[in-house]
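This is target11.cif. It holds mmCIF, C-alpha atoms.
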data_input
loop_
_atom_site.label_atom_id
_atom_site.label_comp_id
_atom_site.auth_asym_id
_atom_site.auth_seq_id
_atom_site.Cartn_x
_atom_site.Cartn_y
_atom_site.Cartn_z
CA MET A 1 83.31 124.17 108.85
CA THR A 2 83.49 120.36 109.25
CA ASP A 3 82.33 120.53 112.85
CA SER A 4 79.37 122.75 111.99
CA PHE A 5 78.48 120.50 109.05
CA GLU A 6 78.65 117.42 111.30
CA THR A 7 76.27 119.15 113.69
CA ILE A 8 73.90 120.14 110.87
CA LEU A 9 74.04 116.58 109.56
CA ASP A 10 73.17 115.18 112.96
CA GLU A 11 70.32 117.65 113.46
CA SER A 12 69.03 116.76 110.00
CA ILE A 13 69.16 113.05 110.88
CA SER A 14 67.21 113.74 114.09
CA ALA A 15 64.58 115.63 112.05
CA LEU A 16 64.47 112.78 109.55
CA GLN A 17 63.95 110.24 112.32
CA SER A 18 61.11 112.41 113.66
CA GLY A 19 59.36 112.09 110.29
CA VAL A 20 60.26 115.43 108.64
CA PRO A 21 60.52 114.96 104.82
CA ILE A 22 64.03 115.23 103.36
CA GLU A 23 63.26 118.13 101.00
CA GLU A 24 61.76 120.11 103.89
CA ILE A 25 64.95 119.59 105.93
CA LEU A 26 67.10 120.63 102.98
CA ALA A 27 65.04 123.79 102.45
CA GLU A 28 66.13 124.89 105.95
CA VAL A 29 69.83 124.70 105.04
CA PRO A 30 69.99 125.40 101.28
CA GLU A 31 73.75 126.08 101.39
CA TYR A 32 74.38 122.49 102.52
CA ALA A 33 71.57 120.85 100.51
CA GLY A 34 73.84 119.41 97.82
CA GLN A 35 76.10 117.73 100.36
CA LEU A 36 73.31 116.66 102.69
CA ARG A 37 70.83 115.20 100.18
CA PRO A 38 72.59 111.91 99.31
CA MET A 39 73.57 111.41 102.97
CA LEU A 40 70.00 111.83 104.18
CA TYR A 41 68.68 109.48 101.49
CA ALA A 42 71.35 106.99 102.55
CA ALA A 43 70.28 107.43 106.19
CA THR A 44 66.64 106.81 105.17
CA VAL A 45 67.57 103.65 103.33
CA LEU A 46 69.74 102.46 106.23
CA THR A 47 67.09 103.04 108.88
CA ASP A 48 65.36 99.81 109.75
CA PRO A 49 61.83 100.76 110.83
CA ASN A 50 60.56 97.21 111.39
CA PRO A 51 63.49 95.01 112.33
CA ALA A 52 62.83 91.30 112.12
CA LEU A 53 62.93 89.19 115.26
CA VAL A 54 64.15 85.64 115.70
CA PRO A 55 61.29 83.13 115.39
CA GLU A 56 60.11 82.09 118.86
CA GLU A 57 61.08 78.43 118.35
CA ARG A 58 64.63 79.35 117.48
CA LYS A 59 64.85 81.78 120.33
CA THR A 60 63.59 79.16 122.80
CA ALA A 61 66.11 76.63 121.52
CA LEU A 62 68.98 79.09 121.93
CA ARG A 63 67.73 80.01 125.39
CA SER A 64 67.65 76.33 126.41
CA GLU A 65 71.25 75.94 125.30
CA TYR A 66 72.20 79.00 127.34
CA MET A 67 70.33 77.83 130.43
CA LYS A 68 72.04 74.44 130.14
CA GLN A 69 75.40 76.19 130.31
CA LEU A 70 74.23 78.17 133.32
CA ILE A 71 73.60 75.03 135.35
CA GLU A 72 77.33 74.27 135.18
CA LEU A 73 78.08 77.69 136.59
CA PRO A 74 78.61 77.43 140.37
CA LYS A 75 76.84 80.10 142.40
CA LEU A 76 79.38 82.28 144.16
CA PRO A 77 78.83 83.27 147.78
CA LEU A 78 78.45 86.97 148.56
CA PRO A 79 81.84 88.49 149.40
CA THR A 80 82.59 88.83 153.09
CA PHE A 81 83.56 92.16 154.65
CA GLY A 82 87.22 91.08 154.65
CA GLU A 83 87.08 90.16 150.94
CA LYS A 84 85.49 93.51 150.12
CA MET A 85 88.27 95.25 152.04
CA GLN A 86 90.93 93.22 150.20
CA ALA A 87 89.30 94.09 146.87
CA GLY A 88 89.31 97.76 147.90
CA VAL A 89 93.01 97.56 148.76
CA ARG A 90 93.74 95.87 145.41
CA VAL A 91 91.87 98.61 143.55
CA ALA A 92 93.68 101.29 145.57
CA ARG A 93 97.04 99.67 144.79
CA ARG A 94 96.23 99.57 141.09
CA ARG A 95 95.25 103.23 141.23
CA LEU A 96 98.29 104.30 143.21
CA THR A 97 100.69 104.22 140.30
CA ARG A 98 103.34 106.88 139.88
CA GLU A 99 101.40 108.46 136.99
CA SER A 100 98.10 108.55 138.87
CA LEU A 101 99.79 110.01 141.96
CA LEU A 102 101.48 112.66 139.84
CA LYS A 103 98.17 113.44 138.13
CA ASP A 104 96.32 113.64 141.46
CA LEU A 105 99.08 115.79 142.95
CA THR A 106 98.97 118.17 139.99
CA THR A 107 95.19 118.44 140.32
CA ILE A 108 95.49 119.11 144.07
CA ILE A 109 98.18 121.77 143.56
CA ILE A 110 96.21 123.53 140.81
CA THR A 111 92.98 123.40 142.86
CA PHE A 112 94.77 124.62 145.99
CA THR A 113 96.49 127.46 144.12
CA LEU A 114 93.28 128.60 142.46
CA THR A 115 91.36 128.41 145.77
CA LEU A 116 94.11 130.35 147.56
CA LEU A 117 94.12 132.96 144.82
CA MET A 118 90.33 133.33 145.08
CA VAL A 119 90.53 133.70 148.88
CA VAL A 120 93.33 136.26 148.65
CA LEU A 121 91.52 138.29 145.99
CA THR A 122 88.25 138.20 147.99
CA ILE A 123 89.97 139.28 151.24
CA ASN A 124 91.85 142.00 149.38
CA TYR A 125 88.60 143.30 147.89
CA LEU A 126 86.78 143.22 151.25
CA SER A 127 89.66 144.98 153.04
CA LEU A 128 89.72 147.99 150.70
CA ASP A 129 87.37 150.14 152.82
CA THR A 130 88.73 149.18 156.23
CA VAL A 131 90.34 151.57 158.74
CA PRO A 132 92.90 150.84 161.50
CA GLY A 133 91.33 148.63 164.16
CA ASP A 134 89.08 146.76 161.68
CA PHE A 135 89.35 142.98 161.40
CA LEU A 136 90.66 142.95 157.82
CA TYR A 137 92.88 146.06 158.09
CA GLY A 138 95.98 143.88 158.45
CA ALA A 139 95.19 142.23 155.11
CA LYS A 140 95.03 145.66 153.49
CA ARG A 141 98.48 146.59 154.79
CA ILE A 142 99.97 143.21 153.82
CA SER A 143 98.58 143.63 150.30
CA GLU A 144 100.19 147.08 150.11
CA SER A 145 103.52 145.74 151.35
CA ILE A 146 103.44 143.03 148.67
CA GLN A 147 102.68 145.64 146.00
CA LEU A 148 105.55 147.81 147.22
CA SER A 149 108.04 144.94 147.23
CA ALA A 150 106.90 143.98 143.72
CA ALA A 151 107.41 147.50 142.33
CA PHE A 152 109.71 147.43 139.31
CA SER A 153 111.42 150.79 139.81
CA GLU A 154 112.08 153.49 142.39
CA ASP A 155 109.63 155.80 140.61
CA GLY A 156 106.97 153.12 140.68
CA ARG A 157 107.63 152.50 144.36
CA ALA A 158 107.44 156.22 145.15
CA ALA A 159 104.15 156.55 143.26
CA LEU A 160 102.71 153.61 145.19
CA GLU A 161 103.92 155.06 148.51
CA GLU A 162 102.14 158.32 147.67
CA ILE A 163 98.90 156.48 146.86
CA PHE A 164 99.09 154.47 150.08
CA ASN A 165 99.87 157.59 152.15
CA GLN A 166 96.75 159.28 150.70
CA ARG A 167 94.82 156.24 151.93
CA ARG A 168 96.32 156.68 155.42
CA LEU A 169 95.16 160.31 155.49
CA VAL A 170 91.66 159.32 154.33
CA GLU A 171 91.58 156.62 157.04
CA LEU A 172 92.61 159.22 159.63
CA GLU A 173 89.72 161.48 158.54
CA GLN A 174 87.31 158.53 158.82
CA LEU A 175 88.59 157.68 162.31
CA LEU A 176 88.18 161.30 163.39
CA GLU A 177 84.60 161.32 162.07
CA GLN A 178 83.78 158.09 163.88
CA ASN A 179 85.59 159.11 167.14
CA LYS A 180 87.50 155.84 167.06
CA ALA A 181 90.75 155.14 168.88
CA ALA A 182 93.46 153.50 166.78
CA VAL A 183 97.16 153.34 166.08
CA ILE A 184 97.80 155.54 163.07
CA GLN A 185 100.68 156.11 160.69
CA PHE A 186 100.91 158.72 157.97
CA ARG A 187 103.32 161.04 156.17
CA GLY A 188 103.05 164.78 155.68
CA LYS A 189 104.78 168.10 155.65
CA VAL A 190 105.58 169.80 159.00
CA GLU A 191 103.57 172.99 158.86
CA THR A 192 104.09 174.24 162.45
CA ARG A 193 106.69 173.05 164.92
CA GLY A 194 105.78 174.14 168.52
CA GLU A 195 106.99 173.04 171.93
CA ASP A 196 104.24 170.45 172.62
CA LEU A 197 102.15 170.68 169.48
CA TRP A 198 103.03 170.19 165.83
CA ILE A 199 100.85 170.49 162.79
CA VAL A 200 101.60 167.87 160.15
CA ALA A 201 99.46 167.54 157.01
CA LYS A 202 96.85 169.83 158.60
CA HIS A 203 96.56 167.57 161.66
CA THR A 204 97.46 168.82 165.14
CA ILE A 205 99.69 166.39 166.96
CA LEU A 206 100.34 166.34 170.70
CA LEU A 207 103.95 165.56 171.68
CA PRO A 208 104.21 163.73 175.03
CA GLY A 209 107.44 163.73 177.05
CA ASP A 210 108.62 160.32 175.80
CA VAL A 211 108.05 160.98 172.07
CA VAL A 212 110.90 159.95 169.76
CA ILE A 213 111.72 162.67 167.21
CA ASP A 214 114.53 162.88 164.65
CA PRO A 215 116.64 165.86 165.78
CA ASP A 216 117.12 167.46 162.32
CA ILE A 217 113.46 168.07 161.50
CA GLN A 218 112.59 171.61 160.37
CA GLU A 219 109.31 173.16 159.28
CA GLY A 220 108.57 172.20 155.67
CA ASP A 221 110.25 168.79 156.02
CA MET A 222 108.39 165.62 155.08
CA VAL A 223 107.95 163.36 158.12
CA GLU A 224 106.36 160.07 159.02
CA VAL A 225 104.17 160.14 162.11
CA ILE A 226 103.32 157.04 164.12
CA GLY A 227 101.03 157.59 167.04
CA LEU A 228 97.74 156.98 168.77
CA LEU A 229 94.44 158.60 167.95
CA ARG A 230 92.35 158.80 171.09
CA THR A 231 88.54 158.70 171.20
CA ASN A 232 88.50 162.41 172.08
CA ASN A 233 90.14 162.95 168.64
CA VAL A 234 93.49 163.95 170.16
CA LEU A 235 96.39 162.63 168.13
CA VAL A 236 99.33 161.70 170.37
CA ALA A 237 102.67 161.10 168.59
CA ASP A 238 104.87 158.17 169.49
CA THR A 239 107.53 158.60 166.79
CA ILE A 240 108.19 161.30 164.21
CA LYS A 241 110.80 160.44 161.62
CA LEU A 242 112.24 162.48 158.83
CA VAL A 243 111.43 161.03 155.40
CA ARG A 244 114.54 161.35 153.22
CA MET B 1 71.31 102.37 134.45
CA ASN B 2 70.75 101.37 138.07
CA ASP B 3 68.97 98.25 136.85
CA GLU B 4 71.96 97.44 134.70
CA HIS B 5 74.31 98.00 137.62
CA SER B 6 72.33 95.77 139.97
CA LEU B 7 72.08 93.14 137.23
CA LEU B 8 75.84 93.30 136.81
CA VAL B 9 76.39 92.90 140.55
CA ARG B 10 74.11 89.85 140.58
CA ILE B 11 75.65 88.16 137.56
CA LYS B 12 79.06 88.58 139.15
CA GLN B 13 77.67 86.29 141.87
CA HIS B 14 76.57 83.88 139.10
CA ASP B 15 72.94 84.50 140.04
CA GLN B 16 71.07 82.31 137.54
CA GLN B 17 67.90 84.35 137.77
CA ALA B 18 69.88 87.48 136.86
CA LEU B 19 71.59 85.67 133.99
CA ALA B 20 68.21 84.58 132.64
CA GLU B 21 67.04 88.22 132.90
CA VAL B 22 70.10 89.33 130.94
CA TYR B 23 69.17 86.93 128.16
CA ASP B 24 65.54 88.04 128.02
CA GLN B 25 66.46 91.71 128.21
CA TYR B 26 69.25 91.79 125.61
CA PHE B 27 68.56 88.95 123.17
CA ASP B 28 66.32 90.87 120.74
CA GLN B 29 68.44 94.01 120.56
CA LEU B 30 71.66 92.07 120.06
CA TYR B 31 70.00 89.97 117.37
CA ARG B 32 68.78 93.11 115.60
CA TYR B 33 72.28 94.56 115.77
CA LEU B 34 73.90 91.42 114.34
CA ASN B 35 71.22 90.96 111.70
CA TYR B 36 71.72 94.58 110.65
CA ARG B 37 75.48 94.17 110.44
CA LEU B 38 75.40 90.82 108.62
CA GLY B 39 72.08 90.81 106.77
CA GLU B 40 71.81 87.05 107.40
CA SER B 41 69.14 86.19 109.94
CA ASP B 42 70.25 82.60 110.62
CA VAL B 43 73.86 83.60 111.19
CA ALA B 44 72.74 86.56 113.31
CA ALA B 45 70.63 84.25 115.52
CA ASP B 46 73.55 81.84 115.97
CA LEU B 47 75.96 84.64 116.81
CA THR B 48 73.48 86.18 119.27
CA GLY B 49 73.41 82.84 121.07
CA GLU B 50 77.21 82.89 121.07
CA VAL B 51 77.28 86.31 122.75
CA PHE B 52 75.45 84.83 125.75
CA LEU B 53 77.61 81.70 125.78
CA ALA B 54 80.63 84.02 125.84
CA LEU B 55 79.13 85.68 128.90
CA VAL B 56 78.86 82.32 130.66
CA GLN B 57 82.41 81.47 129.62
CA THR B 58 83.84 84.72 130.92
CA LEU B 59 82.06 84.19 134.25
CA LYS B 60 83.52 80.68 134.42
CA ASN B 61 86.96 82.18 133.85
CA GLY B 62 86.38 84.58 136.72
CA LYS B 63 86.58 87.66 134.47
CA PRO B 64 83.09 89.18 134.55
CA PRO B 65 82.25 92.44 132.75
CA ARG B 66 83.63 95.24 134.91
CA THR B 67 81.55 98.37 134.53
CA SER B 68 79.06 98.23 131.65
CA LEU B 69 77.12 95.08 130.89
CA THR B 70 75.53 96.61 127.77
CA GLY B 71 78.93 97.80 126.55
CA TRP B 72 80.44 94.36 127.14
CA LEU B 73 77.63 92.53 125.28
CA TYR B 74 77.80 94.90 122.30
CA THR B 75 81.58 94.62 122.15
CA VAL B 76 81.32 90.82 121.96
CA ALA B 77 78.58 91.09 119.31
CA ARG B 78 80.68 93.59 117.36
CA ASN B 79 83.75 91.34 117.44
CA LEU B 80 81.73 88.31 116.36
CA ALA B 81 80.26 90.32 113.46
CA ALA B 82 83.70 91.60 112.43
CA ASP B 83 85.17 88.07 112.57
CA TYR B 84 82.32 86.70 110.48
CA ILE B 85 82.65 89.42 107.85
CA ARG B 86 86.42 88.94 107.72
CA GLN B 87 86.07 85.18 107.23
CA LYS B 88 83.57 85.61 104.45
CA THR B 89 85.86 86.04 101.49
CA ARG B 90 84.91 88.83 99.14
CA THR B 91 86.70 88.88 95.82
CA VAL B 92 84.29 91.02 93.79
CA SER B 93 84.84 94.75 93.94
CA LEU B 94 81.73 96.16 95.52
CA VAL B 95 82.21 99.56 93.98
CA ASP B 96 81.71 98.19 90.47
CA GLU B 97 78.86 95.99 91.54
CA LEU B 98 76.94 98.67 93.36
CA VAL B 99 76.19 101.20 90.62
CA ALA B 100 72.42 101.62 90.60
CA ASP B 101 70.40 101.30 87.38
CA GLU B 102 68.79 104.47 86.09
CA PRO B 103 66.25 105.22 88.75
CA SER B 104 63.01 107.00 87.98
CA LEU B 105 61.44 107.77 91.34
CA THR B 106 62.72 108.55 94.80
CA ASP B 107 59.62 107.44 96.63
CA GLN B 108 59.52 104.96 99.48
CA ILE B 109 59.17 101.93 97.22
CA TYR B 110 62.18 102.95 95.23
CA LEU B 111 64.20 103.66 98.36
CA SER B 112 63.46 100.19 99.70
CA GLU B 113 64.92 98.78 96.50
CA LEU B 114 68.19 100.46 97.42
CA VAL B 115 68.45 98.63 100.75
CA PRO B 116 70.39 95.57 99.53
CA MET B 117 72.77 97.75 97.52
CA LEU B 118 73.49 100.06 100.44
CA ARG B 119 73.83 97.15 102.86
CA LYS B 120 76.58 95.79 100.63
CA ALA B 121 78.11 99.25 100.46
CA LEU B 122 78.25 99.24 104.26
CA LEU B 123 80.91 96.56 104.03
CA GLU B 124 83.15 99.06 102.24
CA LEU B 125 83.29 101.17 105.40
CA THR B 126 85.76 100.71 108.23
CA GLU B 127 84.62 98.28 110.90
CA GLU B 128 84.16 101.14 113.38
CA GLN B 129 82.01 103.12 110.93
CA GLN B 130 79.86 100.01 110.31
CA HIS B 131 79.43 99.66 114.07
CA VAL B 132 78.32 103.29 114.41
CA ILE B 133 75.85 103.02 111.50
CA ALA B 134 74.39 99.79 112.97
CA LEU B 135 73.92 101.42 116.37
CA ARG B 136 72.53 104.71 115.04
CA PHE B 137 70.24 103.43 112.25
CA GLY B 138 69.78 99.76 113.09
CA GLN B 139 69.32 100.12 116.83
CA GLY B 140 68.06 103.72 116.75
CA LEU B 141 70.47 104.77 119.50
CA SER B 142 71.14 108.46 120.06
CA LEU B 143 74.58 109.98 119.53
CA ALA B 144 75.13 110.08 123.29
CA GLU B 145 74.13 106.42 123.75
CA THR B 146 76.36 105.39 120.85
CA ALA B 147 79.25 107.39 122.30
CA GLU B 148 78.79 105.69 125.68
CA LEU B 149 78.86 102.22 124.12
CA LEU B 150 81.95 103.08 122.09
CA GLU B 151 83.57 104.82 125.07
CA LYS B 152 84.20 107.81 122.79
CA SER B 153 83.16 111.45 122.85
CA VAL B 154 79.95 112.58 121.12
CA GLY B 155 82.12 114.68 118.79
CA ALA B 156 84.13 111.61 117.75
CA VAL B 157 80.94 109.64 117.01
CA LYS B 158 79.57 112.62 115.04
CA ALA B 159 82.73 112.61 112.94
CA LEU B 160 82.53 108.84 112.38
CA GLN B 161 78.87 109.14 111.37
CA HIS B 162 79.73 111.95 108.95
CA ARG B 163 82.57 110.03 107.30
CA ALA B 164 80.43 106.89 107.03
CA LEU B 165 77.47 108.68 105.43
CA ALA B 166 79.77 110.64 103.10
CA SER B 167 81.23 107.33 101.88
CA LEU B 168 77.79 105.78 101.46
CA ALA B 169 76.46 108.86 99.66
CA ARG B 170 78.80 108.02 96.78
CA PHE B 171 76.76 104.91 96.13
CA MET B 172 73.46 106.74 95.94
CA PRO B 173 71.84 107.11 92.49
CA GLU B 174 72.66 110.19 90.45
CA GLU B 175 69.26 111.87 90.94
CA MET B 176 69.76 111.90 94.73
CA GLN B 177 73.03 113.75 94.38
CA HIS B 178 71.52 116.96 92.97
CA ASP B 179 68.79 119.50 93.64
CA ARG B 180 65.39 118.30 92.53
#

Step by step, read the file and then write its structure as structure tokens.
Amino acid sequence: MTDSFETILDESISALQSGVPIEEILAEVPEYAGQLRPMLYAATVLTDPNPALVPEERKTALRSEYMKQLIELPKLPLPTFGEKMQAGVRVARRRLTRESLLKDLTTIIITFTLTLLMVVLTINYLSLDTVPGDFLYGAKRISESIQLSAAFSEDGRAALEEIFNQRRLVELEQLLEQNKAAVIQFRGKVETRGEDLWIVAKHTILLPGDVVIDPDIQEGDMVEVIGLLRTNNVLVADTIKLVR
Amino acid sequence: MNDEHSLLVRIKQHDQQALAEVYDQYFDQLYRYLNYRLGESDVAADLTGEVFLALVQTLKNGKPPRTSLTGWLYTVARNLAADYIRQKTRTVSLVDELVADEPSLTDQIYLSELVPMLRKALLELTEEQQHVIALRFGQGLSLAETAELLEKSVGAVKALQHRALASLARFMPEEMQHDR
């Protein structure tokens, strides 16, 4: 209320100084008219439209007195480079107090933290649509790891793992569409368990001779597959682990 | 602003030409300020001269104005005005003395008759409020310019202006207090 009235008062004074009649100003803000009226009349009375000047003779006399004093003032030489440097050091020393350092440090830390946060959020946003092999894919996985380690409960962690695994499967589909080679990792149910070929989460996986497989895996078990997707869209397993 | 800065740099070197320029550039406005605050033209002229002598003295002492020449000059003028007002003993209560006689018109002629009364009423304000009123209505400075000279925020100057005018409004004649 006070702040808005102070603003209205100042705007009214500006209007008054521009020559707007008081009653016209008050008509614009009738709710404040009672309070404003005496103040605006006071402002009118206090405004000095034609301030008097000192008579020239007096002014000249005062100037002469001043100039007389100036003669006694020795002219100083321009500071040398060394003196400027010394002055700079003095100023720096004055500024480098414990309080100013603490203040500067706080500002730097806050600025650095905010900048870092902005960079992290931007990278995280840009990495959302990446697939394995892309430049920012690592950032996507780091962000997921951080989210997993920050999960409050086992249920929360499991839900996050499910979301991230769905992402892996989507990425695998994208890689297959684009015929891209990449290291892949995903989880899924073992649907068929053959000699050299398995089907996990509807994807056919080739098992080379040196593949590492948990011995207890049966059809219907949930497994994690780590392997290589070749450009001919053949998925070669490196490791297949049982997810317990 | 740049002119002021270069002037300040030159007067720090005791450049007499620059010091003469300072006098010519600031004398009238400082006189108007002091005359507004004191309402005594002779005293205001003397004190204006003293502001410039103070500038010479501070240069002699090796303590020139640091950042704002205008701010420094107005601060000296303000202090001289405050000292003068303080020394001038006032025993009569202004509040009793300042009640206006039944006015009939609020036209320009009538308003001008209120000037001496309101000028006396100014002395009832705090020194800082008097300074703000002199800068805003005597010098015609904007809120921002006043704030810069006072080294305060615009909001703080707005509040000072409000309190000053609210105090002065009490001295205004009855007919100016109500709707017409």

Given a cut-off of 6 Å, which residues of chain A touch chain B, counting all atoms listed in the file, written out as a VMD selection string?
chain A and resid 34 38 to 39 45 47 to 48 62 75 to 76

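Across the model, the gap from CA of Leu30 (chain B) to CA of Pro74 (chain A) is 26.0 Å.
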
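Across A:Arg187, A:Arg230, A:Lys103, A:Lys241, the tightest approach to Leu206 (chain A) is made by A:Arg230 when counting all atoms listed in the file.
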
Please evaluate the PyMOL selection byres ((chain B and resi 6) around 12) against the structure above and give the resulting residues as a list in words.
Met1, Asn2, Asp3, Glu4, His5, Leu7, Leu8, Val9, Arg10, Ile11, Lys12, Gln13, Asp15, Ala18, Leu19, Glu21, Val22, Thr67, Ser68 and Leu69 of chain B

Give me, please, the distance in Å between CA of Leu135 (chain B) and CA of Glu28 (chain A), quoted to one decimal.
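Separation of CA of Leu135 (chain B) and CA of Glu28 (chain A): 26.8 Å.
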
Test item: the PyMOL selection byres ((chain B and resi 82) around 12) resolved as a PyMOL selection string:
chain B and resi 34+37-38+47+74-81+83-88+123+125-131

Could you tell me which residues the PyMOL selection byres ((chain A and resi 14) around 12) returns for this structure, as a ChimeraX atom specification?
/A:7-13,15-22,25,40,43-44,47 /B:136-137,140-143

What lies within 10 Å of Ile199 (chain A) using all atoms listed in the file, ignoring chain neighbours under 6 positions off, as a list of chain:residue names?
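The filter keeps A:Gly188, A:Lys189, A:Val190, A:Glu191, A:Thr192, A:Arg193, A:Ile205, A:Leu206, A:Glu219.
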
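One distance worth recording is that between CA of Glu83 (chain A) and CA of Arg98 (chain A), which is 25.8 Å.
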
Just the residues within 12 Å of region 173-178 of chain A, please, counting only C-alpha atoms, with nothing from its chain fewer than 3 positions along; format it as a ChimeraX atom specification.
/A:129-134,166-170,181-184,186,201-203,228-235

Take the structure in the block and write a file for region 198-218 of chain A, N, CA and C atoms, as a PDB file, in the first residue's frame.
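Now in result-v2.pdb:
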ATOM      1  N   TRP A 198      19.732 -68.011 -29.345  1.00  0.00           N
ATOM      2  CA  TRP A 198      18.699 -67.834 -28.307  1.00  0.00           C
ATOM      3  C   TRP A 198      17.786 -66.712 -28.777  1.00  0.00           C
ATOM      4  N   ILE A 199      16.570 -66.755 -28.280  1.00  0.00           N
ATOM      5  CA  ILE A 199      15.694 -65.597 -28.516  1.00  0.00           C
ATOM      6  C   ILE A 199      15.382 -64.989 -27.148  1.00  0.00           C
ATOM      7  N   VAL A 200      15.795 -63.736 -26.998  1.00  0.00           N
ATOM      8  CA  VAL A 200      15.567 -63.007 -25.741  1.00  0.00           C
ATOM      9  C   VAL A 200      14.831 -61.718 -26.091  1.00  0.00           C
ATOM     10  N   ALA A 201      13.717 -61.496 -25.439  1.00  0.00           N
ATOM     11  CA  ALA A 201      12.895 -60.297 -25.670  1.00  0.00           C
ATOM     12  C   ALA A 201      12.655 -60.092 -27.168  1.00  0.00           C
ATOM     13  N   LYS A 202      12.305 -61.162 -27.835  1.00  0.00           N
ATOM     14  CA  LYS A 202      11.959 -61.174 -29.271  1.00  0.00           C
ATOM     15  C   LYS A 202      13.154 -60.902 -30.174  1.00  0.00           C
ATOM     16  N   HIS A 203      14.365 -60.889 -29.619  1.00  0.00           N
ATOM     17  CA  HIS A 203      15.550 -60.646 -30.453  1.00  0.00           C
ATOM     18  C   HIS A 203      16.382 -61.936 -30.530  1.00  0.00           C
ATOM     19  N   THR A 204      16.768 -62.297 -31.764  1.00  0.00           N
ATOM     20  CA  THR A 204      17.585 -63.493 -31.961  1.00  0.00           C
ATOM     21  C   THR A 204      19.036 -63.147 -31.668  1.00  0.00           C
ATOM     22  N   ILE A 205      19.652 -63.988 -30.858  1.00  0.00           N
ATOM     23  CA  ILE A 205      21.025 -63.713 -30.429  1.00  0.00           C
ATOM     24  C   ILE A 205      21.910 -64.895 -30.820  1.00  0.00           C
ATOM     25  N   LEU A 206      23.025 -64.567 -31.476  1.00  0.00           N
ATOM     26  CA  LEU A 206      23.986 -65.589 -31.885  1.00  0.00           C
ATOM     27  C   LEU A 206      24.978 -65.811 -30.745  1.00  0.00           C
ATOM     28  N   LEU A 207      25.221 -67.090 -30.415  1.00  0.00           N
ATOM     29  CA  LEU A 207      26.134 -67.406 -29.313  1.00  0.00           C
ATOM     30  C   LEU A 207      27.467 -67.910 -29.889  1.00  0.00           C
ATOM     31  N   PRO A 208      28.534 -67.123 -29.852  1.00  0.00           N
ATOM     32  CA  PRO A 208      29.820 -67.610 -30.342  1.00  0.00           C
ATOM     33  C   PRO A 208      30.427 -68.602 -29.341  1.00  0.00           C
ATOM     34  N   GLY A 209      31.532 -69.206 -29.697  1.00  0.00           N
ATOM     35  CA  GLY A 209      32.155 -70.231 -28.851  1.00  0.00           C
ATOM     36  C   GLY A 209      32.630 -69.691 -27.517  1.00  0.00           C
ATOM     37  N   ASP A 210      33.084 -68.426 -27.479  1.00  0.00           N
ATOM     38  CA  ASP A 210      33.655 -67.878 -26.232  1.00  0.00           C
ATOM     39  C   ASP A 210      32.627 -67.092 -25.406  1.00  0.00           C
ATOM     40  N   VAL A 211      31.352 -67.243 -25.670  1.00  0.00           N
ATOM     41  CA  VAL A 211      30.343 -66.499 -24.906  1.00  0.00           C
ATOM     42  C   VAL A 211      30.316 -66.965 -23.455  1.00  0.00           C
ATOM     43  N   VAL A 212      30.092 -66.026 -22.538  1.00  0.00           N
ATOM     44  CA  VAL A 212      30.019 -66.371 -21.106  1.00  0.00           C
ATOM     45  C   VAL A 212      28.542 -66.404 -20.712  1.00  0.00           C
ATOM     46  N   ILE A 213      28.077 -67.580 -20.268  1.00  0.00           N
ATOM     47  CA  ILE A 213      26.658 -67.730 -19.915  1.00  0.00           C
ATOM     48  C   ILE A 213      26.540 -68.342 -18.525  1.00  0.00           C
ATOM     49  N   ASP A 214      25.657 -67.753 -17.700  1.00  0.00           N
ATOM     50  CA  ASP A 214      25.375 -68.367 -16.391  1.00  0.00           C
ATOM     51  C   ASP A 214      24.821 -69.766 -16.643  1.00  0.00           C
ATOM     52  N   PRO A 215      25.309 -70.772 -15.904  1.00  0.00           N
ATOM     53  CA  PRO A 215      24.909 -72.156 -16.204  1.00  0.00           C
ATOM     54  C   PRO A 215      23.453 -72.492 -15.872  1.00  0.00           C
ATOM     55  N   ASP A 216      22.818 -71.747 -14.918  1.00  0.00           N
ATOM     56  CA  ASP A 216      21.483 -72.149 -14.458  1.00  0.00           C
ATOM     57  C   ASP A 216      20.341 -71.585 -15.302  1.00  0.00           C
ATOM     58  N   ILE A 217      20.617 -70.923 -16.363  1.00  0.00           N
ATOM     59  CA  ILE A 217      19.546 -70.238 -17.105  1.00  0.00           C
ATOM     60  C   ILE A 217      18.632 -71.232 -17.809  1.00  0.00           C
ATOM     61  N   GLN A 218      17.312 -71.038 -17.606  1.00  0.00           N
ATOM     62  CA  GLN A 218      16.285 -71.854 -18.249  1.00  0.00           C
ATOM     63  C   GLN A 218      15.391 -70.947 -19.085  1.00  0.00           C
TER      64      GLN A 218
END
